[in-house]
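> Contents are mmCIF, C-alpha atoms; file name entry.cif:
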data_target
loop_
_atom_site.group_PDB
_atom_site.id
_atom_site.type_symbol
_atom_site.label_atom_id
_atom_site.label_comp_id
_atom_site.auth_asym_id
_atom_site.auth_seq_id
_atom_site.Cartn_x
_atom_site.Cartn_y
_atom_site.Cartn_z
ATOM 1 C CA MET A 647 61.687 134.947 38.118
ATOM 2 C CA ARG A 648 62.212 138.688 38.435
ATOM 3 C CA LYS A 649 58.507 139.210 39.055
ATOM 4 C CA ASN A 650 58.535 136.587 41.772
ATOM 5 C CA ALA A 651 61.624 138.135 43.358
ATOM 6 C CA THR A 652 59.948 141.536 43.319
ATOM 7 C CA LYS A 653 56.823 140.124 45.005
ATOM 8 C CA ILE A 654 58.890 138.379 47.658
ATOM 9 C CA ALA A 655 60.856 141.569 48.353
ATOM 10 C CA ALA A 656 57.671 143.594 48.645
ATOM 11 C CA LEU A 657 56.143 141.019 51.041
ATOM 12 C CA ALA A 658 59.297 140.991 53.173
ATOM 13 C CA LEU A 659 59.302 144.798 53.350
ATOM 14 C CA SER A 660 55.634 144.815 54.379
ATOM 15 C CA LEU A 661 56.270 142.310 57.172
ATOM 16 C CA ALA A 662 59.279 144.292 58.361
ATOM 17 C CA LEU A 663 57.222 147.492 58.562
ATOM 18 C CA THR A 664 54.455 145.683 60.473
ATOM 19 C CA VAL A 665 56.879 144.263 63.057
ATOM 20 C CA THR A 666 58.575 147.631 63.417
ATOM 21 C CA SER A 667 55.279 149.440 63.994
ATOM 22 C CA VAL A 668 54.321 146.970 66.730
ATOM 23 C CA ASN A 669 57.602 147.382 68.582
ATOM 24 C CA ILE A 670 57.823 151.167 68.433
ATOM 25 C CA PRO A 671 58.378 152.309 72.045
ATOM 26 C CA THR A 672 56.064 154.938 73.500
ATOM 27 C CA ASN A 673 56.269 157.211 76.522
ATOM 28 C CA ALA A 674 52.840 156.145 77.822
ATOM 29 C CA SER A 675 54.207 153.422 80.128
ATOM 30 C CA ALA A 676 56.965 155.685 81.440
ATOM 31 C CA ALA A 677 54.494 158.455 82.195
ATOM 32 C CA SER A 678 52.307 156.099 84.253
ATOM 33 C CA VAL A 679 55.099 155.326 86.735
ATOM 34 C CA LYS A 680 54.507 157.394 89.891
ATOM 35 C CA LEU A 681 55.548 157.701 93.504
ATOM 36 C CA ASN A 682 52.480 157.835 95.774
ATOM 37 C CA LYS A 683 53.797 160.781 97.834
ATOM 38 C CA LYS A 684 55.917 163.817 97.014
ATOM 39 C CA LYS A 685 56.069 165.089 100.595
ATOM 40 C CA ALA A 686 55.125 163.929 104.097
ATOM 41 C CA THR A 687 55.397 165.116 107.705
ATOM 42 C CA LEU A 688 56.406 162.687 110.461
ATOM 43 C CA TYR A 689 56.892 162.967 114.241
ATOM 44 C CA VAL A 690 59.509 161.411 116.490
ATOM 45 C CA SER A 691 57.132 160.864 119.427
ATOM 46 C CA GLY A 692 53.513 161.284 120.519
ATOM 47 C CA ALA A 693 51.710 158.972 118.087
ATOM 48 C CA LYS A 694 52.907 155.721 116.532
ATOM 49 C CA THR A 695 50.819 156.236 113.421
ATOM 50 C CA LYS A 696 52.597 159.534 112.753
ATOM 51 C CA LYS A 697 56.128 158.189 113.140
ATOM 52 C CA THR A 698 56.168 156.222 109.888
ATOM 53 C CA THR A 699 54.828 156.336 106.356
ATOM 54 C CA THR A 700 55.140 153.991 103.381
ATOM 55 C CA LEU A 701 56.180 155.024 99.889
ATOM 56 C CA LYS A 702 55.060 153.042 96.853
ATOM 57 C CA VAL A 703 55.898 153.217 93.158
ATOM 58 C CA THR A 704 53.016 152.316 90.856
ATOM 59 C CA GLY A 705 52.881 151.669 87.128
ATOM 60 C CA THR A 706 55.893 149.356 86.877
ATOM 61 C CA LYS A 707 56.945 145.808 87.670
ATOM 62 C CA LYS A 708 60.616 146.662 87.738
ATOM 63 C CA LYS A 709 62.674 146.560 90.899
ATOM 64 C CA VAL A 710 62.497 149.705 93.033
ATOM 65 C CA THR A 711 65.414 150.837 95.205
ATOM 66 C CA PHE A 712 64.804 153.287 98.083
ATOM 67 C CA THR A 713 67.489 155.465 99.675
ATOM 68 C CA SER A 714 67.605 158.334 102.215
ATOM 69 C CA ASN A 715 70.017 161.236 101.932
ATOM 70 C CA LYS A 716 69.863 161.812 105.736
ATOM 71 C CA LYS A 717 69.510 158.605 107.701
ATOM 72 C CA ALA A 718 69.898 160.492 110.967
ATOM 73 C CA VAL A 719 66.621 162.306 110.215
ATOM 74 C CA ALA A 720 64.635 159.578 108.420
ATOM 75 C CA THR A 721 65.437 156.040 107.326
ATOM 76 C CA VAL A 722 63.765 153.911 104.641
ATOM 77 C CA ASN A 723 63.767 150.149 104.206
ATOM 78 C CA LYS A 724 63.675 148.150 100.973
ATOM 79 C CA LYS A 725 59.864 148.083 101.026
ATOM 80 C CA GLY A 726 59.610 151.889 101.183
ATOM 81 C CA LYS A 727 58.711 152.248 104.871
ATOM 82 C CA VAL A 728 60.053 155.578 106.147
ATOM 83 C CA THR A 729 60.744 156.057 109.884
ATOM 84 C CA ALA A 730 61.308 159.386 111.653
ATOM 85 C CA LYS A 731 64.504 159.589 113.738
ATOM 86 C CA LYS A 732 65.001 163.234 114.693
ATOM 87 C CA ALA A 733 63.714 166.673 113.757
ATOM 88 C CA GLY A 734 64.860 167.908 110.361
ATOM 89 C CA LYS A 735 64.376 167.265 106.654
ATOM 90 C CA ALA A 736 65.383 164.353 104.470
ATOM 91 C CA THR A 737 64.852 163.303 100.855
ATOM 92 C CA ILE A 738 63.830 159.761 100.033
ATOM 93 C CA THR A 739 64.676 158.638 96.501
ATOM 94 C CA ALA A 740 62.951 155.762 94.729
ATOM 95 C CA LYS A 741 64.987 154.548 91.748
ATOM 96 C CA VAL A 742 63.403 152.521 88.941
ATOM 97 C CA GLY A 743 65.928 151.648 86.256
ATOM 98 C CA LYS A 744 67.418 154.983 85.163
ATOM 99 C CA LYS A 745 64.493 157.013 86.535
ATOM 100 C CA SER A 746 64.388 158.537 90.024
ATOM 101 C CA TYR A 747 61.382 159.738 92.030
ATOM 102 C CA LYS A 748 61.765 161.857 95.167
ATOM 103 C CA CYS A 749 59.783 162.538 98.353
ATOM 104 C CA THR A 750 60.617 165.264 100.877
ATOM 105 C CA ILE A 751 60.206 164.150 104.494
ATOM 106 C CA THR A 752 59.800 166.747 107.260
ATOM 107 C CA VAL A 753 60.366 165.371 110.761
ATOM 108 C CA LYS A 754 59.094 167.180 113.871
ATOM 109 C CA LYS A 755 59.662 166.395 117.551
ATOM 110 C CA THR A 756 56.337 165.758 119.282
ATOM 111 C CA TYR A 757 52.844 165.011 118.055
ATOM 112 C CA LYS A 758 49.964 166.032 120.356
ATOM 113 C CA PRO A 759 47.141 163.514 119.835
ATOM 114 C CA VAL A 760 43.424 163.886 120.464
ATOM 115 C CA THR A 761 42.418 162.655 123.920
ATOM 116 C CA SER A 762 38.675 163.327 123.734
ATOM 117 C CA LEU A 763 35.967 163.723 121.101
ATOM 118 C CA THR A 764 32.380 164.648 121.980
ATOM 119 C CA VAL A 765 29.420 165.681 119.836
ATOM 120 C CA SER A 766 26.238 167.549 120.750
ATOM 121 C CA PRO A 767 23.394 166.782 120.465
ATOM 122 C CA LYS A 768 23.681 162.992 120.285
ATOM 123 C CA THR A 769 20.152 162.540 118.940
ATOM 124 C CA VAL A 770 18.317 164.702 116.408
ATOM 125 C CA THR A 771 14.668 164.588 115.291
ATOM 126 C CA LEU A 772 13.650 166.645 112.248
ATOM 127 C CA ASN A 773 10.750 167.041 109.865
ATOM 128 C CA VAL A 774 11.484 166.668 106.158
ATOM 129 C CA GLY A 775 13.160 169.804 104.807
ATOM 130 C CA LYS A 776 14.410 171.033 108.186
ATOM 131 C CA THR A 777 18.055 171.434 109.270
ATOM 132 C CA LYS A 778 20.073 171.135 112.480
ATOM 133 C CA LYS A 779 23.680 172.014 113.293
ATOM 134 C CA ILE A 780 25.680 169.591 115.436
ATOM 135 C CA THR A 781 28.868 170.574 117.244
ATOM 136 C CA ALA A 782 31.980 168.443 117.726
ATOM 137 C CA THR A 783 34.483 169.248 120.462
ATOM 138 C CA VAL A 784 38.061 167.959 120.366
ATOM 139 C CA LYS A 785 40.407 168.029 123.373
ATOM 140 C CA PRO A 786 42.982 169.187 124.194
ATOM 141 C CA ALA A 787 42.502 172.565 122.536
ATOM 142 C CA LYS A 788 46.060 172.629 121.171
ATOM 143 C CA VAL A 789 46.244 169.351 119.263
ATOM 144 C CA THR A 790 48.695 168.934 116.393
ATOM 145 C CA GLN A 791 45.992 168.095 113.845
ATOM 146 C CA LYS A 792 42.708 169.926 114.307
ATOM 147 C CA GLY A 793 39.365 169.327 112.671
ATOM 148 C CA VAL A 794 36.809 166.563 112.154
ATOM 149 C CA THR A 795 34.900 165.010 109.269
ATOM 150 C CA TYR A 796 31.173 164.225 109.079
ATOM 151 C CA LYS A 797 29.547 161.348 107.198
ATOM 152 C CA SER A 798 25.965 160.080 106.880
ATOM 153 C CA ASN A 799 25.271 156.375 106.427
ATOM 154 C CA LYS A 800 21.977 157.166 104.626
ATOM 155 C CA THR A 801 22.183 160.289 102.504
ATOM 156 C CA SER A 802 18.718 159.592 101.107
ATOM 157 C CA VAL A 803 17.327 160.187 104.625
ATOM 158 C CA ALA A 804 19.701 162.849 105.962
ATOM 159 C CA THR A 805 22.795 164.583 104.605
ATOM 160 C CA VAL A 806 25.482 166.413 106.561
ATOM 161 C CA SER A 807 27.804 169.211 105.434
ATOM 162 C CA ALA A 808 31.498 169.640 106.194
ATOM 163 C CA ALA A 809 30.469 172.096 108.922
ATOM 164 C CA GLY A 810 28.109 169.615 110.641
ATOM 165 C CA LYS A 811 24.784 170.906 109.277
ATOM 166 C CA ILE A 812 22.232 168.079 108.984
ATOM 167 C CA THR A 813 19.470 168.344 106.360
ATOM 168 C CA ALA A 814 16.414 166.066 106.550
ATOM 169 C CA LYS A 815 15.547 164.515 103.158
ATOM 170 C CA LYS A 816 12.870 161.897 103.729
ATOM 171 C CA ALA A 817 11.253 159.960 106.571
ATOM 172 C CA GLY A 818 13.486 157.332 108.152
ATOM 173 C CA THR A 819 16.555 156.974 110.371
ATOM 174 C CA ALA A 820 20.236 157.674 109.717
ATOM 175 C CA LYS A 821 23.523 157.797 111.587
ATOM 176 C CA ILE A 822 26.060 160.613 111.366
ATOM 177 C CA THR A 823 29.645 159.581 112.141
ATOM 178 C CA VAL A 824 32.094 162.237 113.313
ATOM 179 C CA THR A 825 35.798 161.369 112.923
ATOM 180 C CA THR A 826 38.844 163.308 114.088
ATOM 181 C CA LYS A 827 41.420 164.177 111.440
ATOM 182 C CA GLY A 828 44.239 163.828 113.928
ATOM 183 C CA ALA A 829 45.592 160.700 115.581
ATOM 184 C CA THR A 830 44.219 159.654 118.971
ATOM 185 C CA LYS A 831 45.589 157.857 122.006
ATOM 186 C CA THR A 832 42.820 155.243 121.865
ATOM 187 C CA LYS A 833 40.401 154.062 119.170
ATOM 188 C CA SER A 834 37.421 155.104 121.309
ATOM 189 C CA ASN A 835 38.480 158.757 120.966
ATOM 190 C CA LYS A 836 38.589 158.591 117.172
ATOM 191 C CA LYS A 837 34.850 158.578 116.394
ATOM 192 C CA ALA A 838 31.468 159.712 117.752
ATOM 193 C CA THR A 839 27.962 159.206 116.349
ATOM 194 C CA VAL A 840 24.653 161.084 116.175
ATOM 195 C CA ALA A 841 21.309 159.270 115.726
ATOM 196 C CA VAL A 842 18.967 161.076 113.319
ATOM 197 C CA THR A 843 15.217 160.505 112.972
ATOM 198 C CA VAL A 844 13.373 162.192 110.119
ATOM 199 C CA LYS A 845 9.588 162.527 110.141
ATOM 200 C CA LYS A 846 7.123 163.608 107.468
ATOM 201 C CA ALA A 847 6.180 167.253 107.671
ATOM 202 C CA ALA A 848 2.738 167.742 109.278
ATOM 203 C CA SER A 849 0.185 168.974 106.729
ATOM 204 C CA THR A 850 -1.808 172.115 107.591
ATOM 205 C CA PRO A 851 -5.379 172.288 106.098
ATOM 206 C CA THR A 852 -6.036 175.612 104.373
ATOM 207 C CA ASP A 853 -9.886 175.683 104.785
ATOM 208 C CA ALA A 854 -10.287 174.114 108.206
ATOM 209 C CA PRO A 855 -13.550 175.158 109.928
ATOM 210 C CA SER A 856 -13.197 177.349 112.973
ATOM 211 C CA THR A 857 -13.886 175.585 116.277
ATOM 212 C CA SER A 858 -14.003 178.813 118.319
ATOM 213 C CA PRO A 859 -17.465 180.229 119.097
ATOM 214 C CA SER A 860 -18.289 183.646 117.663
ATOM 215 C CA ASP A 861 -17.966 186.462 120.177
ATOM 216 C CA THR A 862 -21.160 188.189 118.973
ATOM 217 C CA PRO A 863 -23.910 186.094 117.331
ATOM 218 C CA SER A 864 -25.132 187.861 114.223
ATOM 219 C CA ASP A 865 -28.834 187.005 114.697
ATOM 220 C CA ALA A 866 -28.966 186.334 118.419
ATOM 221 C CA PRO A 867 -32.164 187.591 120.069
ATOM 222 C CA SER A 868 -31.797 190.369 122.586
ATOM 223 C CA THR A 869 -32.150 189.238 126.190
ATOM 224 C CA ASN A 870 -32.623 192.796 127.538
ATOM 225 C CA PRO A 871 -36.188 194.178 127.867
ATOM 226 C CA SER A 872 -36.969 197.126 125.651
ATOM 227 C CA ASP A 873 -37.261 200.431 127.449
ATOM 228 C CA THR A 874 -40.209 201.467 125.247
ATOM 229 C CA PRO A 875 -42.837 198.901 124.186
ATOM 230 C CA SER A 876 -43.029 198.617 120.461
ATOM 231 C CA ASP A 877 -46.867 198.749 120.368
ATOM 232 C CA ALA A 878 -47.381 201.521 122.955
ATOM 233 C CA PRO A 879 -49.785 204.282 121.761
ATOM 234 C CA THR A 880 -47.948 207.209 120.445
ATOM 235 C CA ASP A 881 -50.701 209.865 120.996
ATOM 236 C CA ALA A 882 -51.977 209.244 124.510
ATOM 237 C CA PRO A 883 -54.635 211.837 125.631
ATOM 238 C CA THR A 884 -53.262 214.461 127.886
ATOM 239 C CA THR A 885 -56.596 215.869 129.294
ATOM 240 C CA LEU A 886 -59.666 213.976 130.298
ATOM 241 C CA GLY A 887 -63.009 215.536 129.448
ATOM 242 C CA LYS A 888 -65.397 216.629 132.178
ATOM 243 C CA ILE A 889 -67.728 213.972 133.398
ATOM 244 C CA THR A 890 -71.163 215.383 134.095
ATOM 245 C CA GLU A 891 -73.207 213.502 136.565
ATOM 246 C CA LEU A 892 -76.810 213.289 135.493
ATOM 247 C CA LYS A 893 -79.308 213.592 138.218
ATOM 248 C CA ALA A 894 -82.854 212.390 138.022
ATOM 249 C CA THR A 895 -85.442 215.061 138.143
#
Could you rewrite the structure in this file as structure tokens?

Amino acid sequence: MRKNATKIAALALSLALTVTSVNIPTNASAASVKLNKKKATLYVSGAKTKKTTTLKVTGTKKKVTFTSNKKAVATVNKKGKVTAKKAGKATITAKVGKKSYKCTITVKKTYKPVTSLTVSPKTVTLNVGKTKKITATVKPAKVTQKGVTYKSNKTSVATVSAAGKITAKKAGTAKITVTTKGATKTKSNKKATVAVTVKKAASTPTDAPSTSPSDTPSDAPSTNPSDTPSDAPTDAPTTLGKITELKAT
């Protein structure tokens, strides 16, 4: 009986340890909970897309509560949508259980959007291995958010750098899309495109025969008469002997 009791006790202890090891809490799940933004800049007027932003907490299924410490500057609804009210700074807090996550919101008065985007040239033709720089112009000059991005739809044909330098890779066609970083008044001002055609590089033969006539033929016969005949006697007589006339007697 004692042996059986000992075995039962040992089995119970083993099961208890197994259950305990499975339920040991870790910090992995807590560490994965994050707020998608730690800071953001909003504007009261000038562009609707810059007046609001949405905060999200990832890594948890628990209820999230959002609050603003300065509702006069920026408000936040229960879904995390923050709206600019007036210039200043506010802190939005997202609370998950006993944990809090914060985002600093800076609100400015007026956003100056892009009103025009042009790119030059609009078409580019290159041989494989060649490059071409394209130029994007954004108006007005003093926009709130400057700069553009470049993207190729076929990088195997043509690539483009952050500065707008196109490099031809292989024969074919590609399209480069230029997009403003700042907000625009209309969607048509947001993007511009450049059509790229890449051709194979023309091969240059190394031993091609010359098609230009020689300036001086090497064995051409002379067309000018010789001043001195080649077979003229060299020792012509200088004095003729006396001719004696014979008379009959």
> Could you check which of A:Ala808, A:Ala686, A:Leu701, A:Ala720 is closest to A:Thr825, using all atoms listed in the file?
A:Ala808
> For a test of reading the model, state the distance in Å between atom CA of A:Lys694 and atom CA of A:Lys717, rounded to one decimal.
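Rounded to one decimal, the two atoms are 19.0 Å apart.
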> List as a ChimeraX atom specification the residues having at least one atom at most 10 Å from position (16.4, 161.4, 121.9) as given in the file, counting all atoms listed in the file.
/A:767-771,841-843
> Name the residues that the PyMOL selection byres ((chain A and resi 689) around 8) picks from the file above, as a tab-separated table (two decimals) with C-alpha atoms, in the coordinates of the input, using the file's chain letters and numbers.

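What landed in selection-v7.tsv:
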chain	number	residue	atom	x	y	z
A	687	THR	CA	55.40	165.12	107.70
A	688	LEU	CA	56.41	162.69	110.46
A	690	VAL	CA	59.51	161.41	116.49
A	691	SER	CA	57.13	160.86	119.43
A	692	GLY	CA	53.51	161.28	120.52
A	693	ALA	CA	51.71	158.97	118.09
A	696	LYS	CA	52.60	159.53	112.75
A	697	LYS	CA	56.13	158.19	113.14
A	730	ALA	CA	61.31	159.39	111.65
A	733	ALA	CA	63.71	166.67	113.76
A	753	VAL	CA	60.37	165.37	110.76
A	754	LYS	CA	59.09	167.18	113.87
A	755	LYS	CA	59.66	166.40	117.55
A	756	THR	CA	56.34	165.76	119.28
A	757	TYR	CA	52.84	165.01	118.06
> Taking the file above as input, evaluate the PyMOL selection byres ((chain A and resi 784) around 10) and report the hits as an MDAnalysis selection string.
chainID A and resid 760:765 782:783 785:789 792:794 826 828 835:836
> Using only C-alpha atoms, please write the residues we just selected to a file, as a PDB file, in the coordinates of the input.

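After the write, again38.pdb holds the following:
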ATOM      1  CA  VAL A 760      43.424 163.886 120.464  1.00  0.00           C
ATOM      2  CA  THR A 761      42.418 162.655 123.920  1.00  0.00           C
ATOM      3  CA  SER A 762      38.675 163.327 123.734  1.00  0.00           C
ATOM      4  CA  LEU A 763      35.967 163.723 121.101  1.00  0.00           C
ATOM      5  CA  THR A 764      32.380 164.648 121.980  1.00  0.00           C
ATOM      6  CA  VAL A 765      29.420 165.681 119.836  1.00  0.00           C
ATOM      7  CA  ALA A 782      31.980 168.443 117.726  1.00  0.00           C
ATOM      8  CA  THR A 783      34.483 169.248 120.462  1.00  0.00           C
ATOM      9  CA  LYS A 785      40.407 168.029 123.373  1.00  0.00           C
ATOM     10  CA  PRO A 786      42.982 169.187 124.194  1.00  0.00           C
ATOM     11  CA  ALA A 787      42.502 172.565 122.536  1.00  0.00           C
ATOM     12  CA  LYS A 788      46.060 172.629 121.171  1.00  0.00           C
ATOM     13  CA  VAL A 789      46.244 169.351 119.263  1.00  0.00           C
ATOM     14  CA  LYS A 792      42.708 169.926 114.307  1.00  0.00           C
ATOM     15  CA  GLY A 793      39.365 169.327 112.671  1.00  0.00           C
ATOM     16  CA  VAL A 794      36.809 166.563 112.154  1.00  0.00           C
ATOM     17  CA  THR A 826      38.844 163.308 114.088  1.00  0.00           C
ATOM     18  CA  GLY A 828      44.239 163.828 113.928  1.00  0.00           C
ATOM     19  CA  ASN A 835      38.480 158.757 120.966  1.00  0.00           C
ATOM     20  CA  LYS A 836      38.589 158.591 117.172  1.00  0.00           C
TER      21      LYS A 836
END
> Of the candidates A:Thr752, A:Thr713, A:Thr795, A:Thr721, which shows the shortest atom-to-atom distance to A:Thr739, using only C-alpha atoms?
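Among the listed residues, the smallest separation from A:Thr739 belongs to A:Thr713.
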> Check which residues satisfy the PyMOL selection byres ((chain A and resi 750) around 12) in the file shown, then give them as number ranges by chain.
A: 681, 683-688, 699, 701, 714-716, 719-720, 728, 734-740, 747-749, 751-753
> Might I get the box with edges along x, y and z of the file that holds all atoms of stretch 743-762 of chain A listed there, padded by 4 Å on every side, given as centre and edge lengths in Å to one decimal, as lines of an AutoDock Vina configuration file?

center_x = 53.0
center_y = 159.4
center_z = 104.5
size_x = 36.7
size_y = 23.5
size_z = 46.8
> Which residues are close to A:Lys846, i.e. within 8 Å by all atoms listed in the file, leaving aside same-chain residues fewer than 6 positions away? Reply as a list in words.
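Result of the neighbour search: Asn773, Val774, Lys816 and Ala817 of chain A.
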> I'd like to know which of A:Lys758, A:Lys778, A:Lys797, A:Lys707 is closest to A:Gly743, using all atoms listed in the file.
A:Lys707
> Between A:Ser746, A:Gln791, A:Ser678, A:Ser798, which is the closest to A:Thr706 once you count all atoms listed in the file?
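Closest to A:Thr706 of all the choices is A:Ser678.
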> To one decimal in Å, tell me the separation between atom CA of A:Thr823 and atom CA of A:Lys811.
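It comes out at 12.7 Å.
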> For each of A:Leu772, A:Ala718, A:Ser766, A:Lys800, take the minimum atom-to-atom distance to A:Val824, counting only C-alpha atoms, then give the residue where this is smallest.
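Of A:Leu772, A:Ala718, A:Ser766, A:Lys800, the one nearest A:Val824, counting only C-alpha atoms, is A:Ser766.
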> Need the shell around A:Thr801: protein/DNA/RNA residues with any atom at most 8 Å away, counting only C-alpha atoms. Skip same-chain ones fewer than 3 positions apart. Format as a list in words?
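Final neighbour list, sorted by chain and number: Ser798, Ala804, Thr805, Lys815 and Ala820 of chain A.
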> One decimal, in Å: what's the spacing between atom CA of A:Gly775 and atom CA of A:Ala838?
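That distance, rounded to one decimal, is 24.6 Å.
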> Between A:Ser802, A:Thr819, A:Phe712, A:Val844, which has the minimum distance to A:Thr777 (counting only C-alpha atoms)?
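Once distances to A:Thr777 are computed over only C-alpha atoms, the minimum belongs to A:Val844.
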